[in-house]
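Notes for the one structure printed next.
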Amino acid sequence: MPDATTPAQRRIRIGIDTGGTFTDVVALDEDSGDLVTTKTPSTPSNPADGFMAGIEKVLGLLGLPQGQGDAIAAVSHGTTVATNQLLEGKVDRLGFITNTGYEAMLEIARQSVPDGYGNSYFWVKPDRIVPRDLVQGVEGRLDFTGEEVRPFDTEGARRVARWFRDRGINTLGVCFLHAYANPEHEERMRQVLAEEHPDAVVSVSSEVLREYREYERAMTTLVDAAVKPRLSAYVNNIAQRLNSYAGERPVPFYVMKSNGGVLSAAEVVHQPITTVLSGPAAGALGAALIAQVAGYDKVLTSDGGGTSTDVSVVIGGEPTLTTEGSVGAFPSKIPMIDVVTVGAGGGSIAWLSPEGTLKVGPHSAGADPGPLCYGKVGPEEGAVTITDAHLVLGRIPPHLLGGEIPLDVEAARAGIEALAKELGLTPEACATGILEISAWNQANALRQVTVKRGLDVRDFALVTFGGSGSLLLCRLMDVLGIPTVLVPPNPGNVSAFGLLTVDVKNDYVQTHVRLAEALDPATVTGVYDELSGQAAVALEGEGFGPEVRSFVRTADLRYFGQAFEVRVPVPEGDLDAAALQQVADAFHAEHRALYGYDFSADPSQQVEWVNLRVSGIGPIKRPEIARHPLGDGGPVAERSRREVCFEAETGHVDTPVLWRPDLAPGTVVQGPAIIEEFGSTVPLHPGFSARVDEHLNIIVTRESN
């Protein structure tokens, strides 16, 4: 009988998040509860290579050398493949099929103008995701109830299918008017395409988004089609390599969705639009759990990576959701964690505008060639980045990942000096200016998720994580007036940790526009039962039986005449008039919280129901966050000292450098100090203090607090 500790009997669950610069990995030993974290450089040319390198590296740290892949119980993955494709505008040729007479839908779009109507004279609409010459119409028409007004033209549909086939357009989106109410015409179009153009990759709106508003539904469907070929190839490639590594045993492989859930790789290739915020969603969920365990229910999350910083709001342990999101120039009306992204990561480039002013981001040096200090290019070829500024100021060590990746300080200094000369500044003033601009960029993103939504940023704690997320936390506290910042253990791996905390989750929606006074409770209950049935079938396929799965019901409501809705919870079970009134009361309260007023006391203002939603949830076992006894907060041994510049005016000061694993719970550190660990650094400015709590989080406050 084999020993209970033999590698073959261990069950390892892995979360792996692929970013623009590093691939972050967290492994959970399900038997012992031990967590192991590591990082490996990303491989932009083929992200699957970095993925597999991370798997091998973390298993090695667990004492499972190559050949022990059969110990892998499951892998959850956060990917930026779809996100980066959209942000970079790398959309291959698409075709769009809609109703005859509505071929200009994408050109008309919406009337909203960035930066307000004062910009109307200068703003030019961006290129459409599908040019006008690749849009074709098919005769046929449904009304808003799903009743057929004009029959579907099968022969016309065949001509359109052959038209795309003959021109080599192999990726197509189909969106017919009111298909959310009746998918019949879209299903017939898909059947025609299967017969006439079998090589085509097709997305239909009634599967992608059964919700009204034709432009947004069409755009969401086309984004789904656009990312489907590349994401499918990527996910299938990883699944094959993972199974091969595990001895051809199928490894349960899940991909993070934008809505805060995961889905099996086999299913996600049919719903690629759901992954457009895969990585940022995992980070927000991981930070939410860590903060809640530490006793913070209202937090802002700031995930700083190599390319960007992603921020979100968490209230009561749950990140806020939206269906009004977009990625780059493409609106995607699917449920997603409400994340605002700003181009302020470690690799963000500092550059001069034509007017001679200093700018930072959104362009990034990425992982290859990376910042100047990576040594892959010289100052004459490369560009100064945020990481170079931190290095020259002494705020980060001359290496990354605990010494695995050495940094070239002189290359960074030469680049900073050249840029400073153009600006007429000292190198210190130039470097601190770069970081000041970056801090304000991040602060403005945090304002977008708070102040613009009626929330006071000073009421929240801030959780910073990611490789570069904690480098500017003291300046963010000053700029925004935030009282407390929490830095989790292994902050560079919080997104990967978040992947181990995520349930399987599927969202279903049905538009059902009715005034509240005309709403039939039995009809609403029937729609919810139908949506729950769809969710149950999907969860059954994922291995979740009736005894464990659950369903969350919500509805989008508005006052009659409004253009946008507010989402509120809906009680379980059969609905009656009292339950519908409970939903209306919740709507009034949420509307008041969001906008500062409501019409609950005005009977002339009618409440209108718009969309009914169900989320099907299959729960997973979450890792336990360990608690450690607090010590007496005695002195900590310094690992070293170095000259660090916190302010250009004061220059470099002799600063202690501490190693985070040496800081026992209860330890208090007064700034100035530098706290380093394997994947991240916390520069503690003068006037700030840090303490280590019982969960090994670093809690930063001002000394006066």
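Labeling convention for the structure tokens: chains A, B, ... as they appear, residues from 1 per chain, ligands from 1 in order of appearance.
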From a DSSP calculation on the backbone, collect every residue of region 61-187 of chain A in helix (DSSP H, G or I) and output the set as a short mmCIF file (atom, residue, chain, number, x, y, z; two decimals) with N, CA and C atoms, in the first residue's frame.
data_model
loop_
_atom_site.label_atom_id
_atom_site.label_comp_id
_atom_site.auth_asym_id
_atom_site.auth_seq_id
_atom_site.Cartn_x
_atom_site.Cartn_y
_atom_site.Cartn_z
N LEU A 61 8.11 23.39 -7.06
CA LEU A 61 8.18 23.95 -5.71
C LEU A 61 7.41 23.10 -4.71
N GLY A 69 2.57 15.22 -13.35
CA GLY A 69 1.42 16.04 -13.70
C GLY A 69 0.09 15.41 -13.36
N ASP A 70 0.09 14.10 -13.09
CA ASP A 70 -1.17 13.45 -12.74
C ASP A 70 -1.69 13.87 -11.38
N ALA A 71 -0.90 14.64 -10.62
CA ALA A 71 -1.35 15.15 -9.32
C ALA A 71 -2.27 16.37 -9.48
N VAL A 81 -6.09 37.03 -23.59
CA VAL A 81 -6.06 36.85 -25.04
C VAL A 81 -7.15 37.68 -25.71
N ALA A 82 -8.39 37.55 -25.24
CA ALA A 82 -9.48 38.32 -25.84
C ALA A 82 -9.33 39.80 -25.55
N THR A 83 -8.95 40.13 -24.32
CA THR A 83 -8.79 41.54 -23.93
C THR A 83 -7.77 42.23 -24.81
N ASN A 84 -6.58 41.64 -24.93
CA ASN A 84 -5.51 42.27 -25.70
C ASN A 84 -5.87 42.38 -27.17
N GLN A 85 -6.54 41.37 -27.71
CA GLN A 85 -6.93 41.42 -29.12
C GLN A 85 -7.82 42.63 -29.37
N LEU A 86 -8.75 42.90 -28.45
CA LEU A 86 -9.66 44.03 -28.63
C LEU A 86 -8.97 45.35 -28.35
N LEU A 87 -8.15 45.41 -27.28
CA LEU A 87 -7.46 46.65 -26.96
C LEU A 87 -6.51 47.08 -28.08
N MET A 105 -26.85 49.94 -39.29
CA MET A 105 -26.98 49.98 -37.83
C MET A 105 -25.66 50.33 -37.14
N LEU A 106 -24.56 49.73 -37.58
CA LEU A 106 -23.27 49.97 -36.93
C LEU A 106 -22.76 51.37 -37.21
N GLU A 107 -23.05 51.90 -38.39
CA GLU A 107 -22.61 53.24 -38.73
C GLU A 107 -23.35 54.29 -37.91
N ILE A 108 -24.65 54.07 -37.71
CA ILE A 108 -25.44 55.02 -36.94
C ILE A 108 -25.04 54.97 -35.47
N TYR A 117 -20.65 66.98 -25.33
CA TYR A 117 -21.04 67.52 -26.63
C TYR A 117 -20.16 68.69 -27.08
N GLY A 118 -19.37 69.24 -26.17
CA GLY A 118 -18.42 70.27 -26.59
C GLY A 118 -17.38 69.73 -27.55
N ASN A 119 -17.27 68.39 -27.61
CA ASN A 119 -16.31 67.76 -28.50
C ASN A 119 -16.95 67.35 -29.84
N ARG A 132 -18.83 48.90 -43.76
CA ARG A 132 -20.16 48.89 -44.38
C ARG A 132 -20.26 47.91 -45.55
N ASP A 133 -19.16 47.71 -46.29
CA ASP A 133 -19.22 46.85 -47.47
C ASP A 133 -19.26 45.37 -47.12
N LEU A 134 -19.10 45.02 -45.83
CA LEU A 134 -19.16 43.62 -45.41
C LEU A 134 -20.42 43.36 -44.58
N THR A 154 -35.62 32.54 -47.20
CA THR A 154 -34.59 31.50 -47.21
C THR A 154 -33.68 31.62 -48.41
N GLU A 155 -34.23 31.90 -49.58
CA GLU A 155 -33.38 32.01 -50.77
C GLU A 155 -32.46 33.22 -50.68
N GLY A 156 -32.99 34.33 -50.17
CA GLY A 156 -32.13 35.49 -49.96
C GLY A 156 -31.02 35.19 -48.97
N ALA A 157 -31.32 34.41 -47.92
CA ALA A 157 -30.30 34.02 -46.95
C ALA A 157 -29.22 33.18 -47.60
N ARG A 158 -29.62 32.31 -48.54
CA ARG A 158 -28.63 31.49 -49.23
C ARG A 158 -27.71 32.36 -50.10
N ARG A 159 -28.27 33.36 -50.75
CA ARG A 159 -27.43 34.26 -51.56
C ARG A 159 -26.42 34.98 -50.68
N VAL A 160 -26.87 35.44 -49.51
CA VAL A 160 -25.95 36.13 -48.58
C VAL A 160 -24.86 35.19 -48.10
N ALA A 161 -25.21 33.97 -47.75
CA ALA A 161 -24.21 33.00 -47.27
C ALA A 161 -23.17 32.73 -48.35
N ARG A 162 -23.63 32.56 -49.59
CA ARG A 162 -22.67 32.31 -50.68
C ARG A 162 -21.83 33.55 -50.96
N TRP A 163 -22.41 34.73 -50.79
CA TRP A 163 -21.67 35.99 -51.00
C TRP A 163 -20.46 36.05 -50.05
N PHE A 164 -20.67 35.75 -48.78
CA PHE A 164 -19.56 35.75 -47.82
C PHE A 164 -18.57 34.62 -48.12
N ARG A 165 -19.10 33.45 -48.48
CA ARG A 165 -18.22 32.31 -48.78
C ARG A 165 -17.29 32.64 -49.95
N ASP A 166 -17.83 33.23 -51.00
CA ASP A 166 -17.04 33.52 -52.20
C ASP A 166 -15.97 34.57 -51.95
N GLU A 184 -36.18 32.33 -33.84
CA GLU A 184 -36.43 31.45 -34.99
C GLU A 184 -35.70 31.90 -36.25
N HIS A 185 -35.77 33.19 -36.60
CA HIS A 185 -35.13 33.65 -37.83
C HIS A 185 -33.61 33.50 -37.76
N GLU A 186 -33.03 33.77 -36.62
CA GLU A 186 -31.58 33.60 -36.48
C GLU A 186 -31.18 32.13 -36.59
N GLU A 187 -31.98 31.26 -36.02
CA GLU A 187 -31.68 29.82 -36.12
C GLU A 187 -31.75 29.35 -37.57
#
Task: Nearby residues (only C-alpha atoms) at most 8 Å from Leu472 (chain A), same-chain spacing under 4 positions excluded, as a ChimeraX atom specification - done: /A:435,439,476,683
- [ ] Please report, as a PyMOL selection string, each residue of region 288-399 of chain A to which DSSP assigns strand (DSSP E or B) when run on this structure's backbone.
- [x] chain A and resi 298-304+309-315+318-319+321-322+326-327+330-331+336-337+340-342+348-352+358-364+385+399
Task: Residue nearest Thr37 (chain A) among A:Thr307, A:Thr79, A:Ser244, A:Asn490 (counting only C-alpha atoms) - done: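 The shortest atom-to-atom distance to Thr37 (chain A) comes from A:Asn490.
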Task: Separation of CA of Gln448 (chain A) from CA of Thr18 (chain A) in Å - done: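 Atom-to-atom, CA of Thr18 (chain A) and CA of Gln448 (chain A) are spaced 25.9 Å apart.
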For region 457-559 of chain A versus region 401-412 of chain A, which residues have an atom no more than 12 Å away, and what is each residue's nearest atom pair and distance in Å rounded to one decimal, using only C-alpha atoms, chain-then-number order, as CSV?
residue,atom,partner,partner_atom,distance
A:Gly467,CA,A:Leu401,CA,9.6
A:Asn490,CA,A:Leu401,CA,11.2
A:Gly492,CA,A:Leu401,CA,10.0
A:Asn493,CA,A:Leu401,CA,11.9
- [ ] Report the distance between CA of Ala578 (chain A) and CA of Gly596 (chain A) in Å, rounded to one decimal place.
- [x] 25.7 Å
Open item on the list: Calculated over only C-alpha atoms, which of the candidates A:Asp303, A:Asp507, A:Asp153, A:Glu517 has the smallest distance to Gln534 (chain A)?
Closed with: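 Under the stated criterion, the closest residue is A:Asp507.
Surrounding region 608-623 of chain A within 6 Å are Thr501, Asp503, Val504, Lys505, Asn506, Asp507, Tyr508, Val509, Gln510, Thr511, His512, Val513, Arg514, Leu515, Ala516, Ala535, Phe544, Arg549, Ser550, Phe551, Val552, Arg553, Thr554, Ala555, Asp556, Leu557, Arg558, Tyr559 and Phe560 of chain A, with only C-alpha atoms counted and residues fewer than 6 positions along the same chain left out.
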Task: Closest of A:Thr484, A:Ser353, A:Ser348, A:Gln191 to Val299 (chain A) - atom-to-atom distances counting only C-alpha atoms - done: A:Thr484
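Comparing A:Gln271, A:Asn237, A:Gln562, A:Ser76 by their smallest distance to Val255 (chain A), the closest is A:Ser76 (using only C-alpha atoms).
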- [ ] Using only C-alpha atoms, determine which residues lie at most 9 Å from Gly140 (chain A), disregarding the query and same-chain residues fewer than 5 positions distant; provide the list as a PyMOL selection string.
- [x] chain A and resi 99-100+148-153+176+185
Task: A:Val485, A:Ile625, A:Ala383, A:Val537 ranked by distance to Arg458 (chain A), top pick (using only C-alpha atoms) - done: A:Val485
- [ ] List the neighbours of Asp49 (chain A) out to 12 Å using only C-alpha atoms; skip same-chain residues closer than 5 positions along the sequence, and give me the result as a VMD selection string.
- [x] chain A and resid 18 23 40 to 44 54 to 56 234 237 to 238 241 to 242
Serialized selection, N, CA, C and O atoms, as a PDB file, in the first residue's frame:
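File written: out33.pdb
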ATOM      1  N   THR A  18      -2.304  34.856 -16.681  1.00  0.00           N
ATOM      2  CA  THR A  18      -1.328  35.308 -17.662  1.00  0.00           C
ATOM      3  C   THR A  18      -1.493  36.800 -17.886  1.00  0.00           C
ATOM      4  O   THR A  18      -2.542  37.244 -18.376  1.00  0.00           O
ATOM      5  N   THR A  23       3.495  35.724 -15.816  1.00  0.00           N
ATOM      6  CA  THR A  23       2.454  34.735 -15.593  1.00  0.00           C
ATOM      7  C   THR A  23       2.508  34.342 -14.119  1.00  0.00           C
ATOM      8  O   THR A  23       3.544  33.864 -13.638  1.00  0.00           O
ATOM      9  N   THR A  40       6.486  33.512 -13.480  1.00  0.00           N
ATOM     10  CA  THR A  40       7.403  33.218 -14.569  1.00  0.00           C
ATOM     11  C   THR A  40       7.137  34.233 -15.672  1.00  0.00           C
ATOM     12  O   THR A  40       6.004  34.723 -15.798  1.00  0.00           O
ATOM     13  N   PRO A  41       8.148  34.613 -16.454  1.00  0.00           N
ATOM     14  CA  PRO A  41       7.908  35.596 -17.520  1.00  0.00           C
ATOM     15  C   PRO A  41       6.866  35.105 -18.521  1.00  0.00           C
ATOM     16  O   PRO A  41       6.841  33.933 -18.903  1.00  0.00           O
ATOM     17  N   SER A  42       5.982  36.020 -18.937  1.00  0.00           N
ATOM     18  CA  SER A  42       5.006  35.682 -19.967  1.00  0.00           C
ATOM     19  C   SER A  42       5.708  35.555 -21.315  1.00  0.00           C
ATOM     20  O   SER A  42       6.809  36.075 -21.528  1.00  0.00           O
ATOM     21  N   THR A  43       5.058  34.859 -22.220  1.00  0.00           N
ATOM     22  CA  THR A  43       5.610  34.644 -23.561  1.00  0.00           C
ATOM     23  C   THR A  43       4.596  35.152 -24.579  1.00  0.00           C
ATOM     24  O   THR A  43       3.779  34.389 -25.083  1.00  0.00           O
ATOM     25  N   PRO A  44       4.629  36.466 -24.881  1.00  0.00           N
ATOM     26  CA  PRO A  44       3.599  37.063 -25.731  1.00  0.00           C
ATOM     27  C   PRO A  44       3.445  36.386 -27.090  1.00  0.00           C
ATOM     28  O   PRO A  44       2.346  36.331 -27.633  1.00  0.00           O
ATOM     29  N   GLY A  54       4.834  27.928 -16.077  1.00  0.00           N
ATOM     30  CA  GLY A  54       4.354  28.212 -14.730  1.00  0.00           C
ATOM     31  C   GLY A  54       3.853  26.969 -14.030  1.00  0.00           C
ATOM     32  O   GLY A  54       4.087  26.775 -12.827  1.00  0.00           O
ATOM     33  N   ILE A  55       3.158  26.082 -14.758  1.00  0.00           N
ATOM     34  CA  ILE A  55       2.682  24.823 -14.183  1.00  0.00           C
ATOM     35  C   ILE A  55       3.862  23.986 -13.691  1.00  0.00           C
ATOM     36  O   ILE A  55       3.876  23.479 -12.558  1.00  0.00           O
ATOM     37  N   GLU A  56       4.864  23.826 -14.546  1.00  0.00           N
ATOM     38  CA  GLU A  56       6.026  23.014 -14.176  1.00  0.00           C
ATOM     39  C   GLU A  56       6.771  23.618 -12.988  1.00  0.00           C
ATOM     40  O   GLU A  56       7.208  22.896 -12.080  1.00  0.00           O
ATOM     41  N   TYR A 234      -6.369  29.102 -28.713  1.00  0.00           N
ATOM     42  CA  TYR A 234      -5.519  29.212 -27.516  1.00  0.00           C
ATOM     43  C   TYR A 234      -5.973  28.237 -26.430  1.00  0.00           C
ATOM     44  O   TYR A 234      -5.167  27.486 -25.868  1.00  0.00           O
ATOM     45  N   ASN A 237      -5.395  24.577 -27.407  1.00  0.00           N
ATOM     46  CA  ASN A 237      -3.966  24.258 -27.375  1.00  0.00           C
ATOM     47  C   ASN A 237      -3.508  23.983 -25.950  1.00  0.00           C
ATOM     48  O   ASN A 237      -2.825  22.982 -25.672  1.00  0.00           O
ATOM     49  N   ILE A 238      -3.908  24.850 -25.011  1.00  0.00           N
ATOM     50  CA  ILE A 238      -3.519  24.652 -23.612  1.00  0.00           C
ATOM     51  C   ILE A 238      -4.127  23.365 -23.066  1.00  0.00           C
ATOM     52  O   ILE A 238      -3.457  22.596 -22.363  1.00  0.00           O
ATOM     53  N   ARG A 241      -2.095  20.437 -24.281  1.00  0.00           N
ATOM     54  CA  ARG A 241      -0.782  20.358 -23.645  1.00  0.00           C
ATOM     55  C   ARG A 241      -0.901  19.977 -22.177  1.00  0.00           C
ATOM     56  O   ARG A 241      -0.072  19.241 -21.639  1.00  0.00           O
ATOM     57  N   LEU A 242      -1.955  20.463 -21.524  1.00  0.00           N
ATOM     58  CA  LEU A 242      -2.164  20.140 -20.120  1.00  0.00           C
ATOM     59  C   LEU A 242      -2.484  18.657 -19.953  1.00  0.00           C
ATOM     60  O   LEU A 242      -1.938  17.979 -19.064  1.00  0.00           O
TER      61      LEU A 242
END
Could the residues of region 414-527 of chain A that have an atom at most 12 Å from region 628-648 of chain A be listed as a Markdown table, each with its closest atom pair and the distance in Å to one decimal, counting only C-alpha atoms and ordered by chain and ascending residue number?
| residue | atom | partner | partner_atom | distance |
| --- | --- | --- | --- | --- |
| A:Leu425 | CA | A:Ala648 | CA | 10.4 |
| A:Thr426 | CA | A:Ala648 | CA | 8.6 |
| A:Pro427 | CA | A:Ala648 | CA | 8.9 |
| A:Glu428 | CA | A:Ala648 | CA | 5.4 |
| A:Ala429 | CA | A:Ala648 | CA | 5.1 |
| A:Cys430 | CA | A:Ala648 | CA | 8.6 |
| A:Ala431 | CA | A:Ala648 | CA | 8.5 |
| A:Thr432 | CA | A:Ala648 | CA | 6.4 |
| A:Gly433 | CA | A:Ala648 | CA | 8.8 |
| A:Ile434 | CA | A:Ala648 | CA | 11.6 |
| A:Leu435 | CA | A:Phe646 | CA | 10.5 |
| A:Glu436 | CA | A:Glu647 | CA | 10.3 |
| A:Leu471 | CA | A:Phe646 | CA | 11.4 |
| A:Leu472 | CA | A:Phe646 | CA | 10.6 |
| A:Cys474 | CA | A:Phe646 | CA | 10.3 |
| A:Arg475 | CA | A:Phe646 | CA | 10.2 |
Task: Selection near Leu285 (chain A), 8 Å with only C-alpha atoms, sequence-local residues under 3 positions removed, as a list in words - done: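 Result of the neighbour search: Gly260, Ala281, Ala282, Ala288, Leu289, Glu318, Pro319, Ser495, Gly498, Thr501 and Val502 of chain A.
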Task: Shell of 7 Å around Asp17 (chain A), only C-alpha atoms, local chain residues under 2 positions omitted, as JSON, numbers by chain - done: {"A": [15, 19, 23, 24, 25, 77, 78, 79, 279, 495, 496]}
Requested write-out: all heavy atoms of the selected residues, as a JSON list (two decimals), in the first residue's frame:
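File written: result-v6.json
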[["chain", "number", "residue", "atom", "x", "y", "z"],
["A", 15, "GLY", "N", -4.26, 27.89, -9.81],
["A", 15, "GLY", "CA", -4.77, 29.10, -10.45],
["A", 15, "GLY", "C", -3.62, 29.77, -11.18],
["A", 15, "GLY", "O", -2.54, 29.95, -10.60],
["A", 19, "GLY", "N", -0.48, 37.57, -17.52],
["A", 19, "GLY", "CA", -0.49, 39.00, -17.74],
["A", 19, "GLY", "C", 0.42, 39.39, -18.89],
["A", 19, "GLY", "O", 1.04, 38.54, -19.54],
["A", 23, "THR", "N", 3.49, 35.72, -15.82],
["A", 23, "THR", "CA", 2.45, 34.74, -15.59],
["A", 23, "THR", "C", 2.51, 34.34, -14.12],
["A", 23, "THR", "O", 3.54, 33.86, -13.64],
["A", 23, "THR", "CB", 2.66, 33.51, -16.49],
["A", 23, "THR", "OG1", 2.50, 33.90, -17.86],
["A", 23, "THR", "CG2", 1.67, 32.41, -16.17],
["A", 24, "ASP", "N", 1.42, 34.57, -13.39],
["A", 24, "ASP", "CA", 1.36, 34.35, -11.95],
["A", 24, "ASP", "C", 0.69, 33.02, -11.65],
["A", 24, "ASP", "O", -0.33, 32.69, -12.27],
["A", 24, "ASP", "CB", 0.59, 35.48, -11.25],
["A", 24, "ASP", "CG", 1.15, 36.85, -11.61],
["A", 24, "ASP", "OD1", 2.37, 36.95, -11.83],
["A", 24, "ASP", "OD2", 0.36, 37.81, -11.68],
["A", 25, "VAL", "N", 1.25, 32.28, -10.69],
["A", 25, "VAL", "CA", 0.75, 30.94, -10.41],
["A", 25, "VAL", "C", 0.57, 30.77, -8.90],
["A", 25, "VAL", "O", 1.43, 31.15, -8.11],
["A", 25, "VAL", "CB", 1.73, 29.85, -10.92],
["A", 25, "VAL", "CG1", 1.05, 28.48, -10.90],
["A", 25, "VAL", "CG2", 2.23, 30.17, -12.32],
["A", 77, "HIS", "N", -7.87, 29.36, -15.04],
["A", 77, "HIS", "CA", -6.99, 30.24, -15.80],
["A", 77, "HIS", "C", -7.65, 31.58, -16.07],
["A", 77, "HIS", "O", -8.82, 31.65, -16.48],
["A", 77, "HIS", "CB", -6.64, 29.54, -17.12],
["A", 77, "HIS", "CG", -5.73, 30.32, -18.02],
["A", 77, "HIS", "ND1", -4.68, 31.08, -17.56],
["A", 77, "HIS", "CD2", -5.71, 30.43, -19.38],
["A", 77, "HIS", "CE1", -4.05, 31.63, -18.58],
["A", 77, "HIS", "NE2", -4.65, 31.26, -19.69],
["A", 78, "GLY", "N", -6.91, 32.64, -15.83],
["A", 78, "GLY", "CA", -7.33, 33.98, -16.23],
["A", 78, "GLY", "C", -6.48, 34.40, -17.42],
["A", 78, "GLY", "O", -5.26, 34.37, -17.34],
["A", 79, "THR", "N", -7.12, 34.77, -18.51],
["A", 79, "THR", "CA", -6.38, 35.05, -19.74],
["A", 79, "THR", "C", -6.70, 36.44, -20.27],
["A", 79, "THR", "O", -7.82, 36.94, -20.10],
["A", 79, "THR", "CB", -6.70, 34.01, -20.83],
["A", 79, "THR", "OG1", -6.07, 34.40, -22.04],
["A", 79, "THR", "CG2", -8.19, 33.90, -21.06],
["A", 279, "GLY", "N", -8.83, 38.34, -16.64],
["A", 279, "GLY", "CA", -7.79, 38.56, -15.63],
["A", 279, "GLY", "C", -8.19, 39.55, -14.55],
["A", 279, "GLY", "O", -8.10, 39.26, -13.35],
["A", 495, "SER", "N", -4.33, 37.82, -8.28],
["A", 495, "SER", "CA", -5.24, 37.41, -9.36],
["A", 495, "SER", "C", -5.25, 35.90, -9.52],
["A", 495, "SER", "O", -6.31, 35.28, -9.70],
["A", 495, "SER", "CB", -4.83, 38.08, -10.68],
["A", 495, "SER", "OG", -5.08, 39.46, -10.65],
["A", 496, "ALA", "N", -4.07, 35.28, -9.45],
["A", 496, "ALA", "CA", -4.01, 33.82, -9.54],
["A", 496, "ALA", "C", -4.69, 33.18, -8.33],
["A", 496, "ALA", "O", -5.39, 32.16, -8.46],
["A", 496, "ALA", "CB", -2.56, 33.36, -9.64]]
TODO: Find the residue from A:Leu423, A:Ala522, A:Ala53, A:Leu300 that sits nearest to Leu480 (chain A); use only C-alpha atoms when measuring.
DONE: A:Leu300
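Of note, CA of Leu393 (chain A) and CA of Gly283 (chain A) are spaced 28.4 Å apart.
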